[in-house]
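J.: The structure file model_4.csv (CSV, C-alpha atoms and all ligand atoms) is provided below.
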```csv
chain,number,residue,atom,x,y,z
A,30,MET,CA,118.2,73.9,66.6
A,31,MET,CA,116.7,70.5,67.6
A,32,PRO,CA,113.5,69.3,66.0
A,33,GLU,CA,110.4,69.5,68.1
A,34,GLY,CA,110.0,66.7,70.5
A,35,VAL,CA,113.7,65.8,70.5
A,36,THR,CA,114.6,68.4,73.1
A,37,SER,CA,117.3,68.7,75.7
A,38,LEU,CA,115.2,66.4,77.9
A,39,ASN,CA,117.7,63.6,77.6
A,40,LYS,CA,120.7,65.7,77.9
A,41,PRO,CA,122.6,65.4,81.2
A,42,ALA,CA,121.8,68.1,83.7
A,43,ALA,CA,124.0,71.3,83.6
A,44,GLN,CA,126.2,70.0,86.3
A,45,PRO,CA,128.8,68.1,84.2
A,46,SER,CA,129.3,70.9,81.8
A,47,GLU,CA,129.7,73.3,84.7
A,48,ASP,CA,132.3,71.0,86.3
A,49,LEU,CA,134.1,70.9,83.0
A,50,LEU,CA,134.1,74.7,82.7
A,51,ILE,CA,135.5,75.0,86.2
A,52,ARG,CA,138.2,72.5,85.5
A,53,HIS,CA,139.2,74.3,82.3
A,54,ILE,CA,139.4,77.6,84.2
A,55,GLN,CA,141.4,76.0,87.0
A,56,ASP,CA,143.8,74.7,84.3
A,57,GLY,CA,144.4,78.3,83.1
A,58,GLU,CA,141.8,78.7,80.4
A,59,HIS,CA,140.6,81.9,82.0
A,60,GLU,CA,138.6,83.1,79.0
A,61,VAL,CA,135.7,80.8,79.8
A,62,PHE,CA,135.1,82.2,83.2
A,63,TYR,CA,132.4,84.5,81.9
A,64,GLU,CA,130.6,81.5,80.5
A,65,LEU,CA,130.6,79.9,83.9
A,66,ILE,CA,129.1,82.9,85.8
A,67,ARG,CA,126.8,84.2,83.1
A,68,PRO,CA,123.8,82.1,84.3
A,69,TYR,CA,124.3,83.5,87.8
A,70,GLU,CA,125.2,87.1,87.2
A,71,ARG,CA,121.7,88.3,87.8
A,72,CYS,CA,121.4,86.3,91.0
A,73,VAL,CA,124.6,87.9,92.2
A,74,TYR,CA,123.4,91.4,91.4
A,75,ARG,CA,120.0,90.7,93.1
A,76,THR,CA,121.7,89.4,96.2
A,77,ALA,CA,124.0,92.4,96.4
A,78,PHE,CA,121.1,94.8,95.8
A,79,ALA,CA,118.8,93.1,98.4
A,80,ILE,CA,121.5,93.6,101.0
A,81,LEU,CA,122.7,97.1,100.0
A,82,ARG,CA,119.5,98.7,98.5
A,83,ASN,CA,121.5,100.9,96.1
A,84,GLU,CA,122.0,100.2,92.5
A,85,ALA,CA,125.5,101.6,92.1
A,86,ASP,CA,126.8,99.9,95.2
A,87,ALA,CA,125.1,96.6,94.2
A,88,GLU,CA,126.8,96.7,90.8
A,89,ASP,CA,130.2,97.4,92.2
A,90,VAL,CA,129.8,94.7,94.8
A,91,ALA,CA,128.5,92.2,92.3
A,92,GLN,CA,131.5,92.8,90.0
A,93,GLU,CA,133.9,92.6,92.9
A,94,ALA,CA,132.4,89.3,94.0
A,95,MET,CA,132.7,87.8,90.6
A,96,LEU,CA,136.4,89.0,90.3
A,97,LYS,CA,137.0,87.5,93.7
A,98,ALA,CA,135.4,84.2,92.6
A,99,PHE,CA,137.7,84.3,89.6
A,100,LYS,CA,140.8,84.8,91.7
A,101,ASN,CA,139.8,82.1,94.1
A,102,ILE,CA,138.5,79.5,91.6
A,103,GLY,CA,141.5,77.4,92.4
A,104,GLN,CA,140.1,76.9,95.8
A,105,PHE,CA,136.7,75.8,94.7
A,106,ARG,CA,136.5,72.0,95.4
A,107,GLY,CA,133.0,71.3,94.4
A,108,GLU,CA,131.9,70.5,97.9
A,109,SER,CA,129.0,72.9,97.4
A,110,ARG,CA,127.2,73.9,94.2
A,111,PHE,CA,129.1,76.6,92.3
A,112,SER,CA,126.1,78.9,92.5
A,113,THR,CA,126.0,78.6,96.3
A,114,TRP,CA,129.7,79.3,96.6
A,115,LEU,CA,129.3,82.4,94.4
A,116,ILE,CA,126.3,83.7,96.4
A,117,GLN,CA,128.3,83.2,99.6
A,118,ILE,CA,131.2,85.3,98.2
A,119,THR,CA,128.6,87.9,97.2
A,120,VAL,CA,127.0,88.1,100.6
A,121,ASN,CA,130.4,88.5,102.3
A,122,GLU,CA,131.4,91.2,99.9
A,123,ALA,CA,128.1,93.0,100.4
A,124,ARG,CA,128.4,92.8,104.2
A,125,MET,CA,132.0,94.1,104.1
A,126,TRP,CA,130.9,96.9,102.0
A,127,ARG,CA,128.0,97.8,104.3
A,128,ARG,CA,130.3,97.7,107.3
A,129,LYS,CA,132.7,100.1,105.5
A,130,GLU,CA,130.1,102.5,104.2
A,131,HIS,CA,127.8,102.5,107.2
A,132,ALA,CA,130.1,102.0,110.1
A,133,HIS,CA,128.7,105.3,111.5
A,134,LEU,CA,125.1,104.1,111.4
A,135,MET,CA,123.6,102.5,114.4
A,136,GLU,CA,121.1,99.7,114.0
A,137,PRO,CA,117.8,100.0,115.9
A,138,ILE,CA,118.3,98.4,119.3
A,139,VAL,CA,115.6,95.8,118.9
A,140,ASN,CA,117.2,94.5,115.7
A,141,ARG,CA,120.7,93.9,117.2
A,142,GLU,CA,122.1,90.5,117.6
A,143,GLY,CA,121.0,88.6,120.6
A,144,VAL,CA,117.4,89.7,120.7
A,145,GLU,CA,115.7,86.6,119.5
A,146,GLY,CA,112.7,86.1,121.8
A,147,ASN,CA,109.4,84.8,120.4
A,148,TYR,CA,107.8,86.9,117.9
A,149,VAL,CA,104.0,87.4,118.1
A,150,PRO,CA,102.1,88.5,115.0
A,151,ARG,CA,100.4,91.9,115.3
A,152,ASP,CA,97.9,91.7,112.5
A,153,PHE,CA,95.4,89.1,111.5
A,154,ALA,CA,94.1,90.6,108.3
A,155,ASP,CA,93.1,88.0,105.7
A,156,TRP,CA,95.6,87.8,102.9
A,157,ARG,CA,94.6,85.0,100.6
A,158,GLU,CA,95.4,85.7,96.9
A,159,ILE,CA,98.6,86.8,95.4
A,160,PRO,CA,98.1,87.2,91.7
A,161,SER,CA,101.5,86.8,90.1
A,162,GLU,CA,101.1,89.9,87.9
A,163,THR,CA,101.1,91.9,91.1
A,164,LEU,CA,104.8,92.1,90.8
A,165,GLU,CA,104.6,93.8,87.5
A,166,ARG,CA,103.4,96.8,89.4
A,167,LYS,CA,106.2,99.1,90.5
A,168,GLU,CA,104.4,100.4,93.5
A,169,ILE,CA,104.0,96.9,94.8
A,170,ARG,CA,107.7,96.2,94.3
A,171,ASP,CA,108.5,99.4,96.1
A,172,LYS,CA,106.3,98.5,99.0
A,173,LEU,CA,108.0,95.1,99.3
A,174,ALA,CA,111.4,96.7,99.0
A,175,GLU,CA,110.5,99.3,101.7
A,176,ALA,CA,109.3,96.6,104.0
A,177,LEU,CA,112.5,94.5,103.5
A,178,GLU,CA,114.6,97.5,104.1
A,179,SER,CA,113.0,98.2,107.4
A,180,LEU,CA,114.2,94.8,108.8
A,181,GLY,CA,117.4,94.7,110.8
A,182,HIS,CA,120.4,93.4,109.0
A,183,ILE,CA,120.6,90.1,110.7
A,184,TYR,CA,117.0,89.3,109.6
A,185,ARG,CA,117.3,90.8,106.2
A,186,ASP,CA,120.5,88.8,105.3
A,187,VAL,CA,119.0,85.5,106.3
A,188,PHE,CA,115.8,86.3,104.4
A,189,VAL,CA,117.7,87.3,101.3
A,190,LEU,CA,119.7,84.1,101.2
A,191,ARG,CA,116.9,81.8,102.1
A,192,ASP,CA,113.8,83.2,100.5
A,193,MET,CA,115.2,85.3,97.7
A,194,GLN,CA,118.2,83.2,96.6
A,195,HIS,CA,116.8,79.9,97.8
A,196,LEU,CA,119.8,78.6,99.7
A,197,SER,CA,119.2,75.8,102.2
A,198,ILE,CA,119.3,76.4,105.9
A,199,GLU,CA,122.8,74.9,106.1
A,200,GLU,CA,124.1,76.9,103.2
A,201,SER,CA,122.7,80.1,104.6
A,202,ALA,CA,124.2,79.3,108.0
A,203,ARG,CA,127.6,78.7,106.4
A,204,ALA,CA,127.5,81.9,104.4
A,205,LEU,CA,126.6,84.0,107.4
A,206,GLY,CA,128.8,82.2,109.9
A,207,VAL,CA,125.9,81.4,112.3
A,208,SER,CA,124.2,78.2,113.4
A,209,ALA,CA,121.4,76.5,111.5
A,210,ALA,CA,119.2,77.1,114.5
A,211,SER,CA,119.9,80.8,114.4
A,212,VAL,CA,119.1,80.9,110.7
A,213,LYS,CA,115.7,79.3,111.4
A,214,THR,CA,114.9,81.7,114.3
A,215,ARG,CA,115.8,84.8,112.2
A,216,LEU,CA,114.0,83.5,109.2
A,217,LEU,CA,110.8,83.0,111.2
A,218,ARG,CA,111.1,86.5,112.5
A,219,ALA,CA,111.9,88.0,109.2
A,220,ARG,CA,108.9,86.3,107.5
A,221,LEU,CA,106.5,87.2,110.3
A,222,MET,CA,107.6,90.8,110.4
A,223,LEU,CA,107.3,91.2,106.7
A,224,ARG,CA,103.8,89.7,106.8
A,225,ASP,CA,102.8,92.1,109.6
A,226,LEU,CA,104.1,95.0,107.5
A,227,LEU,CA,102.5,93.9,104.3
A,228,ALA,CA,99.2,92.2,105.2
A,229,PRO,CA,97.2,95.3,106.1
A,230,GLY,CA,98.0,96.9,102.8
A,231,LEU,CA,98.3,94.0,100.4
A,232,GLY,CA,95.7,91.8,102.0
A,233,GLY,CA,92.9,94.2,101.1
A,234,ASN,CA,91.4,94.8,97.7
A,235,TRP,CA,94.1,94.7,95.1
A,236,SER,CA,92.3,96.8,92.6
A,237,THR,CA,91.9,99.8,95.0
A,238,ARG,CA,94.6,102.2,96.1
A,239,LEU,CA,96.8,100.6,98.6
A,240,PRO,CA,96.3,101.9,102.1
A,241,PHE,CA,99.8,101.0,103.2
A,242,ALA,CA,100.5,102.3,106.6
A,243,LYS,CA,103.5,104.4,106.2
A,244,GLY,CA,106.1,104.5,109.0
A,245,THR,CA,104.2,102.3,111.3
A,246,LYS,CA,106.4,99.5,112.4
A,247,PRO,CA,104.7,96.9,114.5
A,248,TRP,CA,107.8,96.1,116.6
B,2,MET,CA,98.9,66.3,120.4
B,3,VAL,CA,97.3,69.7,120.6
B,4,VAL,CA,99.0,73.0,119.9
B,5,ASN,CA,97.9,76.6,120.7
B,6,CYS,CA,98.3,79.7,118.6
B,7,GLU,CA,101.7,80.7,120.1
B,8,GLN,CA,103.2,77.3,119.4
B,9,VAL,CA,101.8,77.5,115.8
B,10,TRP,CA,103.5,80.9,115.3
B,11,GLN,CA,106.8,79.6,116.5
B,12,GLU,CA,106.8,76.7,114.0
B,13,ILE,CA,105.0,78.3,111.1
B,14,SER,CA,108.2,79.1,109.2
B,15,ASN,CA,109.5,75.5,109.4
B,16,TYR,CA,106.1,74.2,108.6
B,17,LEU,CA,106.1,76.1,105.3
B,18,ASP,CA,109.6,75.0,104.2
B,19,ASP,CA,109.6,71.9,102.1
B,20,ASP,CA,113.2,71.2,103.0
B,21,VAL,CA,113.0,71.5,106.8
B,22,ASP,CA,111.8,68.6,108.9
B,23,VAL,CA,108.8,69.1,111.1
B,24,ASP,CA,107.8,66.3,113.4
B,25,VAL,CA,104.9,64.3,111.9
B,26,ASP,CA,102.7,64.7,115.0
B,27,LEU,CA,103.4,68.4,115.3
B,28,ARG,CA,102.5,68.9,111.6
B,29,ALA,CA,99.3,67.0,112.1
B,30,ALA,CA,98.4,69.1,115.2
B,31,MET,CA,99.2,72.3,113.3
B,32,GLU,CA,97.0,71.2,110.4
B,33,ALA,CA,94.2,70.5,112.8
B,34,HIS,CA,94.7,73.9,114.4
B,35,PHE,CA,94.6,75.7,111.1
B,36,ARG,CA,91.3,74.2,110.3
B,37,GLU,CA,89.8,75.6,113.5
B,38,CYS,CA,91.7,78.9,113.9
B,39,LYS,CA,91.0,81.7,111.5
B,40,ARG,CA,93.8,83.9,112.9
B,41,CYS,CA,96.5,81.3,112.4
B,42,ARG,CA,95.1,80.6,108.9
B,43,ALA,CA,95.6,84.2,108.1
B,44,VAL,CA,99.1,84.2,109.4
B,45,LEU,CA,99.9,81.0,107.4
B,46,GLU,CA,98.5,82.4,104.1
B,47,GLY,CA,100.2,85.7,104.6
B,48,THR,CA,103.5,84.2,105.4
B,49,ARG,CA,103.2,81.9,102.3
B,50,ASN,CA,102.5,85.0,100.2
B,51,VAL,CA,105.6,86.8,101.6
B,52,ILE,CA,107.8,83.8,100.6
B,53,GLN,CA,106.3,83.6,97.2
B,54,LEU,CA,106.4,87.3,96.4
B,55,TYR,CA,110.0,87.9,97.5
B,56,GLY,CA,111.1,84.6,96.0
B,57,ASP,CA,110.1,85.9,92.5
B,58,GLU,CA,113.1,87.3,90.7
B,59,ARG,CA,111.0,90.1,89.3
B,60,MET,CA,111.3,91.6,92.8
B,61,ILE,CA,114.6,93.2,91.9
B,62,ASP,CA,115.3,94.7,88.4
B,63,VAL,CA,118.8,94.2,87.1
B,64,PRO,CA,120.0,97.4,85.5
B,65,LEU,CA,120.3,97.5,81.7
B,66,GLY,CA,123.8,96.8,80.5
B,67,PHE,CA,124.9,95.1,83.7
B,68,GLY,CA,126.1,92.0,81.9
B,69,HIS,CA,128.1,93.9,79.4
B,70,ARG,CA,129.8,96.1,82.0
B,71,LEU,CA,130.6,93.0,84.0
B,72,GLN,CA,132.0,91.3,80.9
B,73,ARG,CA,134.2,94.3,80.2
B,74,ARG,CA,135.5,94.5,83.7
B,75,LEU,CA,136.4,90.8,83.6
B,76,GLU,CA,138.1,91.2,80.2
B,77,ASP,CA,140.1,94.2,81.5
B,78,ASN,CA,141.1,92.3,84.5
B,79,MET,CA,142.2,89.2,82.5
B,80,GLN,CA,144.0,91.3,79.9
B,81,SER,CA,146.1,93.1,82.5
B,82,ARG,CA,147.0,89.7,84.0
B,83,ARG,CA,147.9,88.4,80.6
B,84,ARG,CA,150.0,91.5,79.8
B,85,ARG,CA,151.9,91.1,82.9
B,86,PHE,CA,152.4,87.4,82.2
B,87,LEU,CA,153.5,87.9,78.6
B,88,GLY,CA,155.8,90.9,79.4
B,89,TRP,CA,157.5,88.6,81.8
B,90,MET,CA,157.8,85.6,79.6
B,91,VAL,CA,158.7,86.5,76.1
B,92,ALA,CA,160.4,89.0,73.9
B,93,ALA,CA,158.5,92.0,72.6
B,94,ALA,CA,158.3,90.7,69.0
B,95,ALA,CA,156.9,87.4,70.0
B,96,ALA,CA,154.5,89.0,72.3
B,97,VAL,CA,152.8,90.9,69.4
B,98,LEU,CA,152.1,87.6,67.6
B,99,VAL,CA,150.9,85.8,70.7
B,100,THR,CA,148.7,88.7,71.8
B,101,GLY,CA,147.1,88.6,68.3
B,102,SER,CA,146.1,85.0,68.6
B,103,PHE,CA,144.9,85.5,72.1
B,104,GLU,CA,142.7,88.3,70.9
B,105,ILE,CA,141.0,86.1,68.5
B,106,ALA,CA,140.5,83.3,71.0
B,107,ARG,CA,139.2,85.8,73.5
B,108,SER,CA,136.7,87.5,71.2
B,109,SER,CA,135.2,84.2,70.2
B,110,VAL,CA,134.8,82.9,73.7
B,111,PHE,CA,133.5,86.1,75.1
B,112,ARG,CA,130.9,86.8,72.6
B,113,ARG,CA,127.7,87.3,74.5
B,114,PRO,CA,124.8,85.3,73.2
B,115,GLU,CA,121.8,87.2,71.8
B,116,LEU,CA,119.9,88.8,74.7
B,117,ARG,CA,116.9,86.9,75.6
B,118,SER,CA,113.9,88.7,77.1
B,119,GLU,CA,114.2,89.9,80.7
B,120,HIS,CA,112.7,86.8,82.2
B,121,ALA,CA,113.6,84.3,79.6
B,122,GLN,CA,116.4,82.9,81.8
B,123,ALA,CA,113.8,81.8,84.3
B,124,GLY,CA,112.6,79.0,82.0
B,125,SER,CA,115.6,78.2,79.9
B,126,GLY,CA,116.7,75.1,81.9
B,127,LEU,CA,113.3,73.4,82.0
B,128,PRO,CA,112.7,70.2,80.1
B,129,PRO,CA,109.8,71.1,77.8
B,130,ASP,CA,108.1,67.7,78.1
B,131,MET,CA,108.2,67.4,81.9
B,132,MET,CA,104.8,66.9,83.5
B,133,ILE,CA,103.8,69.7,85.9
B,134,VAL,CA,100.6,70.9,87.4
B,135,VAL,CA,98.7,74.2,87.1
B,136,SER,CA,95.7,75.4,89.0
B,137,PRO,CA,92.9,77.3,87.1
B,138,ASN,CA,93.4,80.6,88.8
B,139,GLY,CA,97.1,80.4,89.4
B,140,LYS,CA,99.8,81.9,87.3
B,141,ILE,CA,102.6,79.5,88.4
B,142,PHE,CA,103.3,75.9,87.5
B,143,HIS,CA,104.6,73.4,90.0
B,144,ALA,CA,106.0,69.9,90.4
B,145,SER,CA,103.0,67.9,91.6
B,146,GLY,CA,104.2,67.7,95.2
B,147,CYS,CA,105.0,71.4,95.7
B,148,PRO,CA,103.5,72.9,98.9
B,149,PHE,CA,102.9,76.1,97.2
B,150,ILE,CA,100.3,74.8,94.8
B,151,HIS,CA,97.1,76.9,95.1
B,152,ASP,CA,93.7,75.2,95.0
B,153,LYS,CA,95.1,71.7,95.0
B,154,ALA,CA,91.7,70.1,94.4
B,155,HIS,CA,91.4,71.6,90.9
B,156,VAL,CA,94.9,71.2,89.4
B,157,ARG,CA,95.5,70.1,85.9
B,158,THR,CA,98.5,68.2,84.7
B,159,ILE,CA,100.2,69.4,81.5
B,160,VAL,CA,103.7,69.6,80.1
B,161,VAL,CA,106.1,72.5,80.6
B,162,ARG,CA,105.8,73.5,77.0
B,163,GLU,CA,102.0,74.0,77.2
B,164,ALA,CA,102.2,75.7,80.5
B,165,ILE,CA,104.7,78.3,79.1
B,166,LYS,CA,102.5,78.7,76.1
B,167,GLU,CA,99.5,79.4,78.3
B,168,GLY,CA,101.4,82.1,80.2
B,169,TYR,CA,102.3,80.2,83.3
B,170,ALA,CA,105.7,80.9,85.0
B,171,PRO,CA,107.8,78.3,86.8
B,172,CYS,CA,107.6,78.2,90.6
B,173,VAL,CA,110.9,79.4,92.0
B,174,ARG,CA,110.8,77.0,94.8
B,175,CYS,CA,110.0,73.6,93.3
B,176,MET,CA,111.5,74.3,89.9
B,177,LYS,CA,114.7,75.9,91.3
B,178,LYS,CA,117.0,73.1,90.2
B,179,TYR,CA,116.0,73.8,86.6
B,180,LEU,CA,116.2,77.5,86.9
B,181,ARG,CA,119.7,77.3,88.2
B,182,ALA,CA,120.9,74.6,85.9
B,183,ASP,CA,120.3,76.4,82.6
B,184,LEU,CA,123.9,76.6,81.6
B,185,SER,CA,123.9,74.0,78.9
B,186,SER,CA,120.6,74.5,77.1
B,187,PRO,CA,119.7,78.0,76.2
B,188,GLU,CA,117.7,76.6,73.4
B,189,SER,CA,115.3,74.6,75.4
B,190,LEU,CA,113.1,77.6,76.2
B,191,ALA,CA,112.7,78.5,72.6
B,192,ASP,CA,111.7,74.9,72.0
B,193,ALA,CA,109.2,75.1,74.8
B,194,GLN,CA,107.7,78.2,73.4
B,195,ARG,CA,107.2,76.8,69.9
A,301,ZN,ZN,95.5,79.8,116.3
A,302,ZN,ZN,106.1,75.0,93.4
```
Since I need it in another form, could you write the structure as structure tokens?

T.:
Amino acid sequence: MMPEGVTSLNKPAAQPSEDLLIRHIQDGEHEVFYELIRPYERCVYRTAFAILRNEADAEDVAQEAMLKAFKNIGQFRGESRFSTWLIQITVNEARMWRRKEHAHLMEPIVNREGVEGNYVPRDFADWREIPSETLERKEIRDKLAEALESLGHIYRDVFVLRDMQHLSIEESARALGVSAASVKTRLLRARLMLRDLLAPGLGGNWSTRLPFAKGTKPW
Amino acid sequence: MVVNCEQVWQEISNYLDDDVDVDVDLRAAMEAHFRECKRCRAVLEGTRNVIQLYGDERMIDVPLGFGHRLQRRLEDNMQSRRRRFLGWMVAAAAAVLVTGSFEIARSSVFRRPELRSEHAQAGSGLPPDMMIVVSPNGKIFHASGCPFIHDKAHVRTIVVREAIKEGYAPCVRCMKKYLRADLSSPESLADAQR
């Protein structure tokens, strides 16, 4: 343990050691693969869960994605960050899974690809404060999850990558195989739709019971 | 340049993103509009809240034991590869020896470090002495230029170590490079908390 004051501040960023790990794995030292992905395993799970909304599926997909990353590590050329590459693999796995599992389900018409007209906010309730401890409350997390789930896939996927996994517009576009412009349009819609869904309930008094309008979708 | 509400709504998402370029004139026109228009202000604040809430990793719980099960799955996968490889390469007697040494190597590399608390990972890559800002009623600390700072007029500049001690959590947006890059220094959070 380092003495106080002499901390890791002067250490180089994580990048070199991550590059080094990757090179070792590419050279056949497979045992260190877990070290490489450990910092991201939770991100990978959360990405899969946000897309699939089911714990068991998310865990399977997360494991599959990391095995796939392991098998394909030889192809990783460091053109993007490793974490981004891993999240992109995860999104693809999750979407493949969803297609396989839910091929029979139809998406609501309004949410299908191609409907990308201007979105107009429906609600103008004031929603100023968001105390951070809000998220410690399960009922709040459930409301947020419910709202996210009600978005069409194309909006949800963009939102997950961009606002939950913090990928850039270009990285999200590459992961989803769509244009950057399309990412921006979908992101705008996703954010505004979520705000419309949540503002009436969460914008009110936090300490009182939440009058979250059930089943009323403003679009 | 003057913009109306509809134009504001179409640009509001880009306006909020620190890594998306919005034309300087347009940004100024939007700022002027927000000062005058209560409705658009409500949309702006609400959208910002959406981004902040969903960007928080507490949004999704990771199931207990996830890391261990993953680790086991990877080990199984690598062992079966190794077994195929060895069976193919060497005689049975030699294989026993080699496998033995592989086992030792593997168990040392794969040992999982002591579990940190659920959210510890969030701060573990942060340099404890980095200057950051906090606002009196916020719970999040930011880099000084972050657009997600609340109550900009009353911020206080302190170092990461103090902020963590006072119970602030890192902003997932402006601190993200540290939150991602925590591979090399799991001890820095412990340092920060001292
Ligand atoms: Zn307006
Ligand atoms: Zn910030």

J.: Contacts of Tyr169 of chain B at 7 Å or less, counting all atoms listed in the file, minus same-chain residues fewer than 4 places along, as a PyMOL selection string?

T.: chain B and resi 140-142+164-165

J.: Is it possible to get the residues within 9 Å of (125.0, 77.7, 98.3) (coordinates as in the file, counting all atoms listed in the file) written as a count of residues only?

T.: 19

J.: Counting all atoms listed in the file, name the residues that have an atom within 9 Å of an atom of ligand ZN 302 (chain A); the answer should be given as a list in words.

T.: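 Result of the 9 Å neighbour search around ligand ZN 302 (chain A): Ile141, Phe142, His143, Ala144, Ser145, Gly146, Cys147, Pro148, Phe149, Ile150, Pro171, Cys172, Val173, Arg174, Cys175, Met176 and Lys177 of chain B.
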
J.: Residues at most 6 Å from ligand ZN 301 (chain A), using all atoms listed in the file? Could they come as a list of chain:residue names?

T.: B:Asn5, B:Cys6, B:Cys38, B:Arg40, B:Cys41

J.: Between B:Arg157, B:His69, B:Arg162, B:Arg59, single out the one closest to chain A, counting all atoms listed in the file.

T.: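 Going through B:Arg157, B:His69, B:Arg162, B:Arg59 one by one, the smallest distance to chain A is for B:Arg59.
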
J.: For a test of reading the model, state the distance in Å between atom CA of Ala154 of chain B and atom CA of Ala30 of chain B, rounded to one decimal.

T.: 21.9 Å

J.: May I have the residues within 9 Å of segment 172-179 of chain A as a count of residues only, using only C-alpha atoms and disregarding those fewer than 2 positions away in the same chain?

T.: 23
